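Chemist: Dumping the structure here so I can ask a few things about it.
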Amino acid sequence: MSVECEQSAVRAAFTPFLGKLLGLTTFESRVQRFGDRLVLIIERCDRNIPGDKVARIHQEDAAQALSLPWNSDAKFEAVD
């Protein structure tokens, strides 16, 4: 795995870490190594588990909230 990809995982972990310190988020996240890959692990924050049932919490990203025309190719980018 390239140093650039590892740095990307660490940078991506910083935002939820800072949000938790500031009391803006409650979910857990961490960077962990699996073999030669450094990955970002984020606890799902879009589910609620009352008792033995799982309920989905509706979420929108900025593009959806602003009604921007996003196609699936433009919204997500693969990193190798």
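Chain identifiers are assigned as A, B, and so on, following the order in which chains appear in the structure tokens; residues are numbered from 1 within each chain, and ligands are numbered from 1 in order of appearance.
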If we count only C-alpha atoms and set the cut-off at 12 Å, which residues sit around His58 (chain A), ignoring sequence neighbours fewer than 3 positions away in its own chain? Please answer as a list in words.
Modeler: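 Surrounding residues, per the criterion: Cys45, Asp46, Arg47, Asn48, Ala55, Asp61 and Gln64 of chain A.
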Chemist: For the residues selected in the previous step, produce a file with N, CA and C atoms as an mmCIF file, in the first residue's frame.
Modeler:
```cif
data_model
loop_
_atom_site.group_PDB
_atom_site.id
_atom_site.type_symbol
_atom_site.label_atom_id
_atom_site.label_comp_id
_atom_site.auth_asym_id
_atom_site.auth_seq_id
_atom_site.Cartn_x
_atom_site.Cartn_y
_atom_site.Cartn_z
ATOM 1 N N CYS A 45 -23.399 4.847 11.964
ATOM 2 C CA CYS A 45 -24.188 5.832 12.709
ATOM 3 C C CYS A 45 -25.559 6.025 12.065
ATOM 4 N N ASP A 46 -25.900 5.171 11.101
ATOM 5 C CA ASP A 46 -27.175 5.291 10.407
ATOM 6 C C ASP A 46 -28.152 4.179 10.772
ATOM 7 N N ARG A 47 -27.923 3.563 11.921
ATOM 8 C CA ARG A 47 -28.813 2.503 12.401
ATOM 9 C C ARG A 47 -29.103 2.714 13.884
ATOM 10 N N ASN A 48 -30.305 2.354 14.299
ATOM 11 C CA ASN A 48 -30.706 2.388 15.698
ATOM 12 C C ASN A 48 -31.172 0.972 16.026
ATOM 13 N N ALA A 55 -33.285 -0.515 13.091
ATOM 14 C CA ALA A 55 -34.038 0.503 12.366
ATOM 15 C C ALA A 55 -33.065 1.447 11.662
ATOM 16 N N ASP A 61 -26.729 13.110 2.019
ATOM 17 C CA ASP A 61 -25.448 13.785 1.874
ATOM 18 C C ASP A 61 -25.712 15.190 1.328
ATOM 19 N N GLN A 64 -27.552 15.404 -2.068
ATOM 20 C CA GLN A 64 -28.987 15.132 -1.984
ATOM 21 C C GLN A 64 -29.721 16.313 -1.365
#
```
Chemist: Counting only C-alpha atoms, what is within 10 Å of Ala9 (chain A), bar same-chain residues fewer than 2 positions away, as JSON, numbers by chain?
Modeler: {"A": [3, 4, 5, 6, 7, 11, 12, 13, 14, 30, 31, 32, 37, 38, 39, 40, 41]}
Chemist: Based on the selection just made, write C-alpha atoms of those residues as a tab-separated table (two decimals), in the first residue's frame.
Modeler:
```tsv
chain	number	residue	atom	x	y	z
A	3	VAL	CA	2.29	6.01	1.66
A	4	GLU	CA	-0.23	8.33	0.01
A	5	CYS	CA	-3.08	5.85	0.62
A	6	GLU	CA	-2.03	5.36	4.24
A	7	GLN	CA	-1.89	9.12	4.77
A	11	ARG	CA	-6.45	12.17	7.36
A	12	ALA	CA	-9.94	10.69	6.96
A	13	ALA	CA	-9.82	9.50	10.59
A	14	PHE	CA	-9.00	12.97	11.90
A	30	ARG	CA	-10.17	4.22	14.33
A	31	VAL	CA	-7.33	3.40	11.96
A	32	GLN	CA	-6.22	-0.23	12.01
A	37	ARG	CA	-3.22	-2.25	4.47
A	38	LEU	CA	-4.03	0.60	6.82
A	39	VAL	CA	-7.81	1.04	6.93
A	40	LEU	CA	-10.28	3.44	8.50
A	41	ILE	CA	-13.00	1.70	10.53
```
Chemist: Region 8-44 of chain A: which residues are strand (DSSP E or B) by DSSP, as a PyMOL selection string?
Modeler: chain A and resi 29-34+37-42
Chemist: Can I get the selection written as an mmCIF file, in the first residue's frame, with C-alpha atoms?
Modeler:
```cif
data_model
loop_
_atom_site.group_PDB
_atom_site.id
_atom_site.type_symbol
_atom_site.label_atom_id
_atom_site.label_comp_id
_atom_site.auth_asym_id
_atom_site.auth_seq_id
_atom_site.Cartn_x
_atom_site.Cartn_y
_atom_site.Cartn_z
ATOM 1 C CA SER A 29 -13.744 5.450 14.495
ATOM 2 C CA ARG A 30 -10.166 4.224 14.332
ATOM 3 C CA VAL A 31 -7.331 3.403 11.958
ATOM 4 C CA GLN A 32 -6.215 -0.226 12.007
ATOM 5 C CA ARG A 33 -3.726 -2.280 10.018
ATOM 6 C CA PHE A 34 -4.801 -5.498 8.277
ATOM 7 C CA ARG A 37 -3.218 -2.249 4.474
ATOM 8 C CA LEU A 38 -4.028 0.595 6.823
ATOM 9 C CA VAL A 39 -7.806 1.041 6.929
ATOM 10 C CA LEU A 40 -10.280 3.436 8.504
ATOM 11 C CA ILE A 41 -13.002 1.698 10.528
ATOM 12 C CA ILE A 42 -16.112 3.739 11.334
#
```
Chemist: For the atom pair CA of Thr25 (chain A) and CA of Gln59 (chain A), what is the interatomic distance in Å to one decimal place?
Modeler: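 So the two atoms, CA of Thr25 (chain A) and CA of Gln59 (chain A), lie 14.4 Å apart.
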Chemist: Return the single residue from A:Pro16, A:Leu21, A:Phe27, A:Ala63 that is closest to Glu43 (chain A), with distances computed using only C-alpha atoms.
Modeler: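 Smallest separation from Glu43 (chain A) among the options: A:Phe27.
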